[in-house]
Amino acid sequence: MSDEQLLLSQKYKVFLKHDAPVEFLEGTTAAGKTTVGVFKFMLKVANSPKKLHILSGLDLGTIEKNIINKDLGILDIFGAMVQYNASGRGQHSLPHLAFKNKIIYVLGYDNKARWKKALGGQYGCLYIDEINIADMEYVREASMRCDYLMGTLNPDDPSLPVYSEYINHSRPLPKYKDDAPEEINQMLNEEPKPGWVHWFFSFKHNLGLTEEKVKQIIGNVSVGTKLYKNKIQGLRGRSTGLIFNLRKGNIITPRQAKEFKFNLFSCGVDTSYSRESDDTFSFTFTGFTVCRKKITLAEQIYNNKDLQVPLSPSDIPPKLIEFLNRCKSDWGFARNVFIDSADQATILECQKYKRANGSIYMFQPAWKKTQIIDRIKLETGWLAHEESLIVDTCKEHIRERNLYSWKEDKDEPEDRNDHTVNSDQYSWLPYKDRIGNTKEVK
């Protein structure tokens, strides 16, 4: 065995001991999913009553490099207990691992002729590396022939059939539910299948990674790209269909934002009182600079689903004023507050609060004459020219920008991942002629 050691976090120790018929390991890059996952797979093979098993990945070379021959790979950990026959041997003509009295066929799902030849019987354990990019015909054929299935993946396009047919039927163990981004937990919404477990692993679960190495990995990937979303943030997201393309230059620190000279501030509010959905109350504070940039400076998010005592329209004014006062102290005074015009109850409550208590703020309906498609057209231009910026503490707004997508079957935006997008738009719509050099859209 190499000088490296298989260091296990507490969660990986629980994973190794947990017994389940189907397990999916989703998460960031370099989280140790493949290393620990394959180790458990080999233990499952050893304990299986069946002789034949399958280890699969993109192609034979990838499996050899990333699973069989690497440090802390199968040959490194199991040593003389395992023999790899790359060209087959004896009655088993396919590439395989001989492990004790078991045979593990090594299959690339890129080679349909070969895996079609292999899938003629029943198998004990099946491992599918990077199941998100696997041939779906292979996934379907192989999974119906095994007693135990493990699949690993980095988050990918949520519209891929592997999610709706397999992964979204699994659920996390209750104690680890909060490890995954809430957006991923929300997507695990297909009918749950008995015993199917979803595991989310990130950098923090890989004890073999130093803090310096984690920083290096993160620093080598551009913020806002699909690669960054999938492999660094551990978020599912499309390579196509995304409405906005956040780039590294669109995201700045509070210190960088302080270097600009502002001539106007504004606030937008989007609300949702439902306790059954993940829709949020979103307060967004925006600044406009003398050099014609729009900067999203601060946000405040609430969700009735998460609150023991749900918010009602009368609860919003004091919370909103507290947010505005904090932003006034941090950034500057925003006299005008634009609230979703469809929410007359909240607007009336804010205006009633102002009459009863006095307030320096003006609460008014959002200006919505500019159509959503035209808003998007303006914003994509501003983002491209770095005339629209976001302070990196506005994490929910950045998250939504990285997920907000077009509908698959219609040329309009999805009605999700858009609450801070909407509140941000309400803040700048009356002042769009102050931003960039884009001509005003009527």
# chains A, B, ... in the order shown; residues from 1 in each chain; ligands from 1
>>> select_by_dssp(residues="range 203-243 of chain A", states="helix (DSSP H, G or I)", output="NGL selection string")
:A and (203-205 or 211-219 or 226-232)
>>> closest_atom_pairs(of="range 123-170 of chain A", to="range 187-205 of chain A", cutoff="10 Å", atoms="only C-alpha atoms", output="JSON lines")
{"residue": "A:Leu149", "atom": "CA", "partner": "A:Trp196", "partner_atom": "CA", "distance": 9.5}
{"residue": "A:Met150", "atom": "CA", "partner": "A:Val197", "partner_atom": "CA", "distance": 9.8}
{"residue": "A:Gly151", "atom": "CA", "partner": "A:His198", "partner_atom": "CA", "distance": 9.9}
{"residue": "A:Thr152", "atom": "CA", "partner": "A:Trp199", "partner_atom": "CA", "distance": 9.4}
{"residue": "A:Leu153", "atom": "CA", "partner": "A:Phe200", "partner_atom": "CA", "distance": 9.9}
{"residue": "A:Asn154", "atom": "CA", "partner": "A:Phe200", "partner_atom": "CA", "distance": 9.6}
{"residue": "A:Pro155", "atom": "CA", "partner": "A:Phe200", "partner_atom": "CA", "distance": 9.9}
{"residue": "A:Pro158", "atom": "CA", "partner": "A:Met187", "partner_atom": "CA", "distance": 8.1}
{"residue": "A:Tyr163", "atom": "CA", "partner": "A:Leu188", "partner_atom": "CA", "distance": 8.4}
{"residue": "A:Ser164", "atom": "CA", "partner": "A:Glu190", "partner_atom": "CA", "distance": 6.7}
{"residue": "A:Glu165", "atom": "CA", "partner": "A:Glu190", "partner_atom": "CA", "distance": 8.3}
{"residue": "A:Tyr166", "atom": "CA", "partner": "A:Glu190", "partner_atom": "CA", "distance": 8.7}
{"residue": "A:Ile167", "atom": "CA", "partner": "A:Leu188", "partner_atom": "CA", "distance": 7.3}
{"residue": "A:Asn168", "atom": "CA", "partner": "A:Leu188", "partner_atom": "CA", "distance": 4.1}
{"residue": "A:His169", "atom": "CA", "partner": "A:Pro192", "partner_atom": "CA", "distance": 4.6}
{"residue": "A:Ser170", "atom": "CA", "partner": "A:Trp196", "partner_atom": "CA", "distance": 4.7}
>>> closest_residue(among="A:Tyr426, A:Asp19, A:Glu386, A:Ser329", to="Lys368 in chain A", atoms="only C-alpha atoms")
A:Tyr426
>>> residues_around(residues="Cys291 in chain A", least_positions_apart="2", cutoff="12 Å", atoms="only C-alpha atoms", output="list of chain:residue names")
A:Glu259, A:Phe260, A:Lys261, A:Phe262, A:Asn263, A:Leu264, A:Gly287, A:Phe288, A:Thr289, A:Lys293, A:Lys294, A:Ile295, A:Glu386, A:Glu387, A:Ser388, A:Arg434, A:Ile435, A:Gly436, A:Asn437
>>> write_last_selection(atoms="N, CA and C atoms", output="PDB file, in the first residue's frame")
ATOM      1  N   GLU A 259     -15.311  51.083  -2.618  1.00  0.00           N
ATOM      2  CA  GLU A 259     -14.445  51.956  -3.409  1.00  0.00           C
ATOM      3  C   GLU A 259     -15.219  52.776  -4.440  1.00  0.00           C
ATOM      4  N   PHE A 260     -16.474  52.391  -4.729  1.00  0.00           N
ATOM      5  CA  PHE A 260     -17.294  53.132  -5.692  1.00  0.00           C
ATOM      6  C   PHE A 260     -17.967  54.328  -5.017  1.00  0.00           C
ATOM      7  N   LYS A 261     -18.250  55.317  -5.814  1.00  0.00           N
ATOM      8  CA  LYS A 261     -19.011  56.473  -5.343  1.00  0.00           C
ATOM      9  C   LYS A 261     -20.458  56.301  -5.773  1.00  0.00           C
ATOM     10  N   PHE A 262     -21.352  56.272  -4.812  1.00  0.00           N
ATOM     11  CA  PHE A 262     -22.773  56.046  -5.098  1.00  0.00           C
ATOM     12  C   PHE A 262     -23.532  57.364  -5.119  1.00  0.00           C
ATOM     13  N   ASN A 263     -24.547  57.435  -6.008  1.00  0.00           N
ATOM     14  CA  ASN A 263     -25.392  58.626  -6.040  1.00  0.00           C
ATOM     15  C   ASN A 263     -26.863  58.315  -5.767  1.00  0.00           C
ATOM     16  N   LEU A 264     -27.190  57.007  -5.576  1.00  0.00           N
ATOM     17  CA  LEU A 264     -28.584  56.633  -5.309  1.00  0.00           C
ATOM     18  C   LEU A 264     -28.621  55.213  -4.748  1.00  0.00           C
ATOM     19  N   GLY A 287     -27.359  49.661  -4.949  1.00  0.00           N
ATOM     20  CA  GLY A 287     -26.717  50.961  -5.078  1.00  0.00           C
ATOM     21  C   GLY A 287     -26.400  51.270  -6.537  1.00  0.00           C
ATOM     22  N   PHE A 288     -26.496  52.544  -6.909  1.00  0.00           N
ATOM     23  CA  PHE A 288     -26.187  53.012  -8.259  1.00  0.00           C
ATOM     24  C   PHE A 288     -25.003  53.968  -8.169  1.00  0.00           C
ATOM     25  N   THR A 289     -23.998  53.745  -8.992  1.00  0.00           N
ATOM     26  CA  THR A 289     -22.768  54.521  -8.886  1.00  0.00           C
ATOM     27  C   THR A 289     -22.720  55.652  -9.917  1.00  0.00           C
ATOM     28  N   LYS A 293     -22.851  51.979 -12.722  1.00  0.00           N
ATOM     29  CA  LYS A 293     -22.930  50.560 -12.384  1.00  0.00           C
ATOM     30  C   LYS A 293     -24.052  50.360 -11.358  1.00  0.00           C
ATOM     31  N   LYS A 294     -24.692  49.199 -11.442  1.00  0.00           N
ATOM     32  CA  LYS A 294     -25.691  48.785 -10.454  1.00  0.00           C
ATOM     33  C   LYS A 294     -25.057  47.696  -9.601  1.00  0.00           C
ATOM     34  N   ILE A 295     -25.082  47.859  -8.282  1.00  0.00           N
ATOM     35  CA  ILE A 295     -24.452  46.875  -7.392  1.00  0.00           C
ATOM     36  C   ILE A 295     -25.476  46.367  -6.380  1.00  0.00           C
ATOM     37  N   GLU A 386     -19.964  43.989 -17.175  1.00  0.00           N
ATOM     38  CA  GLU A 386     -19.645  44.199 -15.759  1.00  0.00           C
ATOM     39  C   GLU A 386     -20.182  45.536 -15.260  1.00  0.00           C
ATOM     40  N   GLU A 387     -21.372  45.862 -15.745  1.00  0.00           N
ATOM     41  CA  GLU A 387     -22.080  47.043 -15.260  1.00  0.00           C
ATOM     42  C   GLU A 387     -23.089  46.664 -14.182  1.00  0.00           C
ATOM     43  N   SER A 388     -23.294  45.363 -14.000  1.00  0.00           N
ATOM     44  CA  SER A 388     -24.113  44.834 -12.917  1.00  0.00           C
ATOM     45  C   SER A 388     -23.215  43.966 -12.048  1.00  0.00           C
ATOM     46  N   ARG A 434     -30.151  54.785 -15.468  1.00  0.00           N
ATOM     47  CA  ARG A 434     -28.925  55.175 -14.779  1.00  0.00           C
ATOM     48  C   ARG A 434     -27.821  54.119 -14.886  1.00  0.00           C
ATOM     49  N   ILE A 435     -28.147  52.982 -15.545  1.00  0.00           N
ATOM     50  CA  ILE A 435     -27.219  51.847 -15.543  1.00  0.00           C
ATOM     51  C   ILE A 435     -26.624  51.650 -16.925  1.00  0.00           C
ATOM     52  N   GLY A 436     -25.305  51.553 -16.981  1.00  0.00           N
ATOM     53  CA  GLY A 436     -24.603  51.182 -18.201  1.00  0.00           C
ATOM     54  C   GLY A 436     -24.876  52.118 -19.363  1.00  0.00           C
ATOM     55  N   ASN A 437     -24.623  51.578 -20.567  1.00  0.00           N
ATOM     56  CA  ASN A 437     -24.834  52.346 -21.793  1.00  0.00           C
ATOM     57  C   ASN A 437     -25.915  51.721 -22.656  1.00  0.00           C
TER      58      ASN A 437
END
>>> residues_around(residues="range 218-229 of chain A", least_positions_apart="6", cutoff="6 Å", atoms="only C-alpha atoms", output="PyMOL selection string")
chain A and resi 235+246-248
>>> write_last_selection(atoms="all heavy atoms", output="PDB file, in the first residue's frame")
ATOM      1  N   LEU A 235     -23.744  22.223  -6.554  1.00  0.00           N
ATOM      2  CA  LEU A 235     -25.095  22.557  -6.986  1.00  0.00           C
ATOM      3  C   LEU A 235     -25.387  21.939  -8.340  1.00  0.00           C
ATOM      4  O   LEU A 235     -24.524  21.894  -9.211  1.00  0.00           O
ATOM      5  CB  LEU A 235     -25.267  24.076  -7.095  1.00  0.00           C
ATOM      6  CG  LEU A 235     -25.145  24.884  -5.798  1.00  0.00           C
ATOM      7  CD1 LEU A 235     -25.126  26.371  -6.134  1.00  0.00           C
ATOM      8  CD2 LEU A 235     -26.289  24.573  -4.865  1.00  0.00           C
ATOM      9  N   LEU A 246     -23.159  34.427 -14.809  1.00  0.00           N
ATOM     10  CA  LEU A 246     -22.328  35.146 -13.844  1.00  0.00           C
ATOM     11  C   LEU A 246     -20.869  34.808 -14.075  1.00  0.00           C
ATOM     12  O   LEU A 246     -20.509  33.636 -14.157  1.00  0.00           O
ATOM     13  CB  LEU A 246     -22.708  34.764 -12.413  1.00  0.00           C
ATOM     14  CG  LEU A 246     -23.929  35.429 -11.782  1.00  0.00           C
ATOM     15  CD1 LEU A 246     -23.977  35.088 -10.300  1.00  0.00           C
ATOM     16  CD2 LEU A 246     -23.937  36.927 -11.979  1.00  0.00           C
ATOM     17  N   ARG A 247     -20.063  35.836 -14.161  1.00  0.00           N
ATOM     18  CA  ARG A 247     -18.629  35.628 -14.319  1.00  0.00           C
ATOM     19  C   ARG A 247     -17.904  36.138 -13.085  1.00  0.00           C
ATOM     20  O   ARG A 247     -18.494  36.802 -12.229  1.00  0.00           O
ATOM     21  CB  ARG A 247     -18.140  36.339 -15.581  1.00  0.00           C
ATOM     22  CG  ARG A 247     -18.811  35.813 -16.838  1.00  0.00           C
ATOM     23  CD  ARG A 247     -18.259  36.445 -18.098  1.00  0.00           C
ATOM     24  NE  ARG A 247     -18.450  37.878 -18.152  1.00  0.00           N
ATOM     25  CZ  ARG A 247     -18.299  38.605 -19.260  1.00  0.00           C
ATOM     26  NH1 ARG A 247     -17.946  38.017 -20.379  1.00  0.00           N
ATOM     27  NH2 ARG A 247     -18.476  39.906 -19.239  1.00  0.00           N
ATOM     28  N   LYS A 248     -16.639  35.805 -13.016  1.00  0.00           N
ATOM     29  CA  LYS A 248     -15.858  36.187 -11.837  1.00  0.00           C
ATOM     30  C   LYS A 248     -15.899  37.694 -11.618  1.00  0.00           C
ATOM     31  O   LYS A 248     -15.969  38.171 -10.483  1.00  0.00           O
ATOM     32  CB  LYS A 248     -14.411  35.710 -12.008  1.00  0.00           C
ATOM     33  CG  LYS A 248     -13.581  35.761 -10.749  1.00  0.00           C
ATOM     34  CD  LYS A 248     -12.251  35.057 -10.942  1.00  0.00           C
ATOM     35  CE  LYS A 248     -11.455  35.040  -9.644  1.00  0.00           C
ATOM     36  NZ  LYS A 248     -10.167  34.315  -9.795  1.00  0.00           N
TER      37      LYS A 248
END
>>> atom_distance(atom1="CA of Asp315 in chain A", atom2="CA of Asp178 in chain A")
27.6 Å
>>> residues_around(residues="range 124-127 of chain A", least_positions_apart="2", cutoff="9 Å", atoms="only C-alpha atoms", output="PDB file with N, CA, C and O atoms, in the first residue's frame")
ATOM      1  N   GLY A  37     -16.220   5.198  -1.685  1.00  0.00           N
ATOM      2  CA  GLY A  37     -17.305   4.438  -2.287  1.00  0.00           C
ATOM      3  C   GLY A  37     -16.850   3.096  -2.818  1.00  0.00           C
ATOM      4  O   GLY A  37     -17.487   2.057  -2.586  1.00  0.00           O
ATOM      5  N   VAL A  38     -15.726   3.084  -3.532  1.00  0.00           N
ATOM      6  CA  VAL A  38     -15.209   1.823  -4.082  1.00  0.00           C
ATOM      7  C   VAL A  38     -14.765   0.884  -2.957  1.00  0.00           C
ATOM      8  O   VAL A  38     -14.936  -0.338  -3.039  1.00  0.00           O
ATOM      9  N   PHE A  41     -17.818  -0.692  -1.791  1.00  0.00           N
ATOM     10  CA  PHE A  41     -18.267  -1.621  -2.825  1.00  0.00           C
ATOM     11  C   PHE A  41     -17.518  -2.949  -2.711  1.00  0.00           C
ATOM     12  O   PHE A  41     -18.115  -4.027  -2.782  1.00  0.00           O
ATOM     13  N   MET A  42     -16.217  -2.893  -2.520  1.00  0.00           N
ATOM     14  CA  MET A  42     -15.425  -4.121  -2.400  1.00  0.00           C
ATOM     15  C   MET A  42     -15.820  -4.922  -1.155  1.00  0.00           C
ATOM     16  O   MET A  42     -15.862  -6.162  -1.184  1.00  0.00           O
ATOM     17  N   LYS A  44     -18.821  -4.898   0.126  1.00  0.00           N
ATOM     18  CA  LYS A  44     -20.128  -5.481  -0.205  1.00  0.00           C
ATOM     19  C   LYS A  44     -19.956  -6.718  -1.084  1.00  0.00           C
ATOM     20  O   LYS A  44     -20.670  -7.715  -0.912  1.00  0.00           O
ATOM     21  N   VAL A  45     -19.012  -6.636  -2.022  1.00  0.00           N
ATOM     22  CA  VAL A  45     -18.729  -7.794  -2.880  1.00  0.00           C
ATOM     23  C   VAL A  45     -18.272  -8.969  -2.022  1.00  0.00           C
ATOM     24  O   VAL A  45     -18.724 -10.116  -2.200  1.00  0.00           O
ATOM     25  N   SER A  48     -21.191 -10.616  -0.368  1.00  0.00           N
ATOM     26  CA  SER A  48     -22.313 -11.025  -1.216  1.00  0.00           C
ATOM     27  C   SER A  48     -22.296 -12.535  -1.450  1.00  0.00           C
ATOM     28  O   SER A  48     -21.235 -13.138  -1.631  1.00  0.00           O
ATOM     29  N   PRO A  49     -23.459 -13.160  -1.479  1.00  0.00           N
ATOM     30  CA  PRO A  49     -23.511 -14.596  -1.785  1.00  0.00           C
ATOM     31  C   PRO A  49     -23.278 -14.898  -3.264  1.00  0.00           C
ATOM     32  O   PRO A  49     -23.009 -16.045  -3.623  1.00  0.00           O
ATOM     33  N   LYS A  50     -23.374 -13.869  -4.125  1.00  0.00           N
ATOM     34  CA  LYS A  50     -23.203 -14.083  -5.556  1.00  0.00           C
ATOM     35  C   LYS A  50     -21.735 -14.001  -5.948  1.00  0.00           C
ATOM     36  O   LYS A  50     -20.933 -13.284  -5.330  1.00  0.00           O
ATOM     37  N   LYS A  51     -21.401 -14.678  -7.019  1.00  0.00           N
ATOM     38  CA  LYS A  51     -20.013 -14.703  -7.490  1.00  0.00           C
ATOM     39  C   LYS A  51     -19.702 -13.534  -8.415  1.00  0.00           C
ATOM     40  O   LYS A  51     -18.602 -12.978  -8.388  1.00  0.00           O
ATOM     41  N   LEU A  52     -20.657 -13.130  -9.261  1.00  0.00           N
ATOM     42  CA  LEU A  52     -20.405 -12.123 -10.290  1.00  0.00           C
ATOM     43  C   LEU A  52     -20.889 -10.735  -9.879  1.00  0.00           C
ATOM     44  O   LEU A  52     -21.992 -10.581  -9.334  1.00  0.00           O
ATOM     45  N   HIS A  53     -20.059  -9.744 -10.187  1.00  0.00           N
ATOM     46  CA  HIS A  53     -20.341  -8.352  -9.828  1.00  0.00           C
ATOM     47  C   HIS A  53     -19.839  -7.441 -10.948  1.00  0.00           C
ATOM     48  O   HIS A  53     -19.111  -7.899 -11.840  1.00  0.00           O
ATOM     49  N   ILE A  54     -20.195  -6.144 -10.899  1.00  0.00           N
ATOM     50  CA  ILE A  54     -19.808  -5.218 -11.970  1.00  0.00           C
ATOM     51  C   ILE A  54     -19.273  -3.917 -11.393  1.00  0.00           C
ATOM     52  O   ILE A  54     -19.899  -3.289 -10.532  1.00  0.00           O
ATOM     53  N   LEU A  55     -18.115  -3.496 -11.909  1.00  0.00           N
ATOM     54  CA  LEU A  55     -17.534  -2.172 -11.633  1.00  0.00           C
ATOM     55  C   LEU A  55     -17.524  -1.426 -12.958  1.00  0.00           C
ATOM     56  O   LEU A  55     -16.930  -1.889 -13.934  1.00  0.00           O
ATOM     57  N   SER A  56     -18.185  -0.278 -13.033  1.00  0.00           N
ATOM     58  CA  SER A  56     -18.314   0.400 -14.322  1.00  0.00           C
ATOM     59  C   SER A  56     -18.008   1.883 -14.225  1.00  0.00           C
ATOM     60  O   SER A  56     -18.165   2.515 -13.180  1.00  0.00           O
ATOM     61  N   GLY A  57     -17.558   2.426 -15.358  1.00  0.00           N
ATOM     62  CA  GLY A  57     -17.241   3.844 -15.475  1.00  0.00           C
ATOM     63  C   GLY A  57     -17.264   4.236 -16.931  1.00  0.00           C
ATOM     64  O   GLY A  57     -17.707   3.463 -17.793  1.00  0.00           O
ATOM     65  N   ILE A 104     -15.314  -9.606 -10.571  1.00  0.00           N
ATOM     66  CA  ILE A 104     -15.912  -8.278 -10.769  1.00  0.00           C
ATOM     67  C   ILE A 104     -15.595  -7.834 -12.194  1.00  0.00           C
ATOM     68  O   ILE A 104     -14.449  -7.489 -12.516  1.00  0.00           O
ATOM     69  N   GLN A 122     -27.571 -12.423 -13.637  1.00  0.00           N
ATOM     70  CA  GLN A 122     -27.828 -11.679 -12.411  1.00  0.00           C
ATOM     71  C   GLN A 122     -26.504 -11.434 -11.683  1.00  0.00           C
ATOM     72  O   GLN A 122     -25.612 -12.278 -11.711  1.00  0.00           O
ATOM     73  N   ASP A 129     -19.591   4.566 -11.686  1.00  0.00           N
ATOM     74  CA  ASP A 129     -18.867   5.802 -11.447  1.00  0.00           C
ATOM     75  C   ASP A 129     -19.399   6.887 -12.375  1.00  0.00           C
ATOM     76  O   ASP A 129     -19.666   6.633 -13.551  1.00  0.00           O
ATOM     77  N   ALA A 142     -28.396  -2.538 -16.288  1.00  0.00           N
ATOM     78  CA  ALA A 142     -27.528  -3.070 -15.242  1.00  0.00           C
ATOM     79  C   ALA A 142     -28.207  -3.037 -13.878  1.00  0.00           C
ATOM     80  O   ALA A 142     -28.085  -3.985 -13.093  1.00  0.00           O
ATOM     81  N   SER A 143     -28.930  -1.949 -13.584  1.00  0.00           N
ATOM     82  CA  SER A 143     -29.509  -1.797 -12.246  1.00  0.00           C
ATOM     83  C   SER A 143     -30.595  -2.828 -11.969  1.00  0.00           C
ATOM     84  O   SER A 143     -30.822  -3.187 -10.802  1.00  0.00           O
ATOM     85  N   ARG A 145     -30.444  -5.863 -12.715  1.00  0.00           N
ATOM     86  CA  ARG A 145     -29.838  -7.184 -12.601  1.00  0.00           C
ATOM     87  C   ARG A 145     -28.965  -7.340 -11.357  1.00  0.00           C
ATOM     88  O   ARG A 145     -28.215  -8.294 -11.245  1.00  0.00           O
ATOM     89  N   CYS A 146     -29.043  -6.374 -10.434  1.00  0.00           N
ATOM     90  CA  CYS A 146     -28.149  -6.437  -9.274  1.00  0.00           C
ATOM     91  C   CYS A 146     -28.928  -6.438  -7.957  1.00  0.00           C
ATOM     92  O   CYS A 146     -30.084  -6.021  -7.905  1.00  0.00           O
ATOM     93  N   ASP A 147     -28.256  -6.906  -6.909  1.00  0.00           N
ATOM     94  CA  ASP A 147     -28.833  -6.867  -5.559  1.00  0.00           C
ATOM     95  C   ASP A 147     -28.518  -5.543  -4.871  1.00  0.00           C
ATOM     96  O   ASP A 147     -29.292  -5.087  -4.031  1.00  0.00           O
ATOM     97  N   TYR A 148     -27.359  -4.974  -5.215  1.00  0.00           N
ATOM     98  CA  TYR A 148     -26.910  -3.742  -4.572  1.00  0.00           C
ATOM     99  C   TYR A 148     -26.362  -2.805  -5.635  1.00  0.00           C
ATOM    100  O   TYR A 148     -25.601  -3.220  -6.515  1.00  0.00           O
ATOM    101  N   LEU A 149     -26.765  -1.515  -5.554  1.00  0.00           N
ATOM    102  CA  LEU A 149     -26.314  -0.512  -6.521  1.00  0.00           C
ATOM    103  C   LEU A 149     -25.708   0.677  -5.788  1.00  0.00           C
ATOM    104  O   LEU A 149     -26.300   1.211  -4.846  1.00  0.00           O
ATOM    105  N   MET A 150     -24.520   1.087  -6.236  1.00  0.00           N
ATOM    106  CA  MET A 150     -23.913   2.332  -5.778  1.00  0.00           C
ATOM    107  C   MET A 150     -23.562   3.184  -6.992  1.00  0.00           C
ATOM    108  O   MET A 150     -22.956   2.686  -7.941  1.00  0.00           O
ATOM    109  N   GLY A 151     -23.955   4.458  -6.963  1.00  0.00           N
ATOM    110  CA  GLY A 151     -23.597   5.385  -8.034  1.00  0.00           C
ATOM    111  C   GLY A 151     -22.977   6.635  -7.451  1.00  0.00           C
ATOM    112  O   GLY A 151     -23.449   7.149  -6.427  1.00  0.00           O
ATOM    113  N   THR A 152     -21.901   7.129  -8.067  1.00  0.00           N
ATOM    114  CA  THR A 152     -21.270   8.371  -7.622  1.00  0.00           C
ATOM    115  C   THR A 152     -21.437   9.435  -8.700  1.00  0.00           C
ATOM    116  O   THR A 152     -21.536   9.120  -9.891  1.00  0.00           O
TER     117      THR A 152
END
>>> select_by_dssp(residues="range 245-429 of chain A", states="strand (DSSP E or B)", output="PyMOL selection string")
chain A and resi 251-252+262-270+281-289+294-302+336-339+362-365+388-391+405-406+413
>>> closest_residue(among="A:Ile184, A:Ala342, A:Ile398, A:Ile347", to="Thr420 in chain A", atoms="only C-alpha atoms")
A:Ile398
>>> closest_residue(among="A:Ser272, A:Ser312, A:Thr380, A:Gln425", to="Cys350 in chain A", atoms="only C-alpha atoms")
A:Ser312
>>> residues_around(residues="Leu242 in chain A", least_positions_apart="2", cutoff="12 Å", atoms="only C-alpha atoms", output="list in words")
Asp157, Pro158, Gly224, Thr225, Lys226, Lys229, Arg236, Gly237, Arg238, Ser239, Thr240, Phe244, Asn245, Leu246, Ile376, Thr380, Glu400, Arg401, Asn402, Leu403, Tyr404, Ser405, Trp406, Lys407, Glu408, Glu412, Pro413, Glu414 and Asn417 of chain A
>>> residues_around(residues="Ile321 in chain A", least_positions_apart="2", cutoff="12 Å", atoms="only C-alpha atoms", output="JSON, numbers by chain")
{"A": [267, 269, 283, 285, 300, 315, 316, 317, 318, 319, 323, 324, 325, 326, 327, 328, 333, 334, 335, 336, 337, 350, 351, 353, 354, 357, 358, 359, 360, 361, 362, 363]}
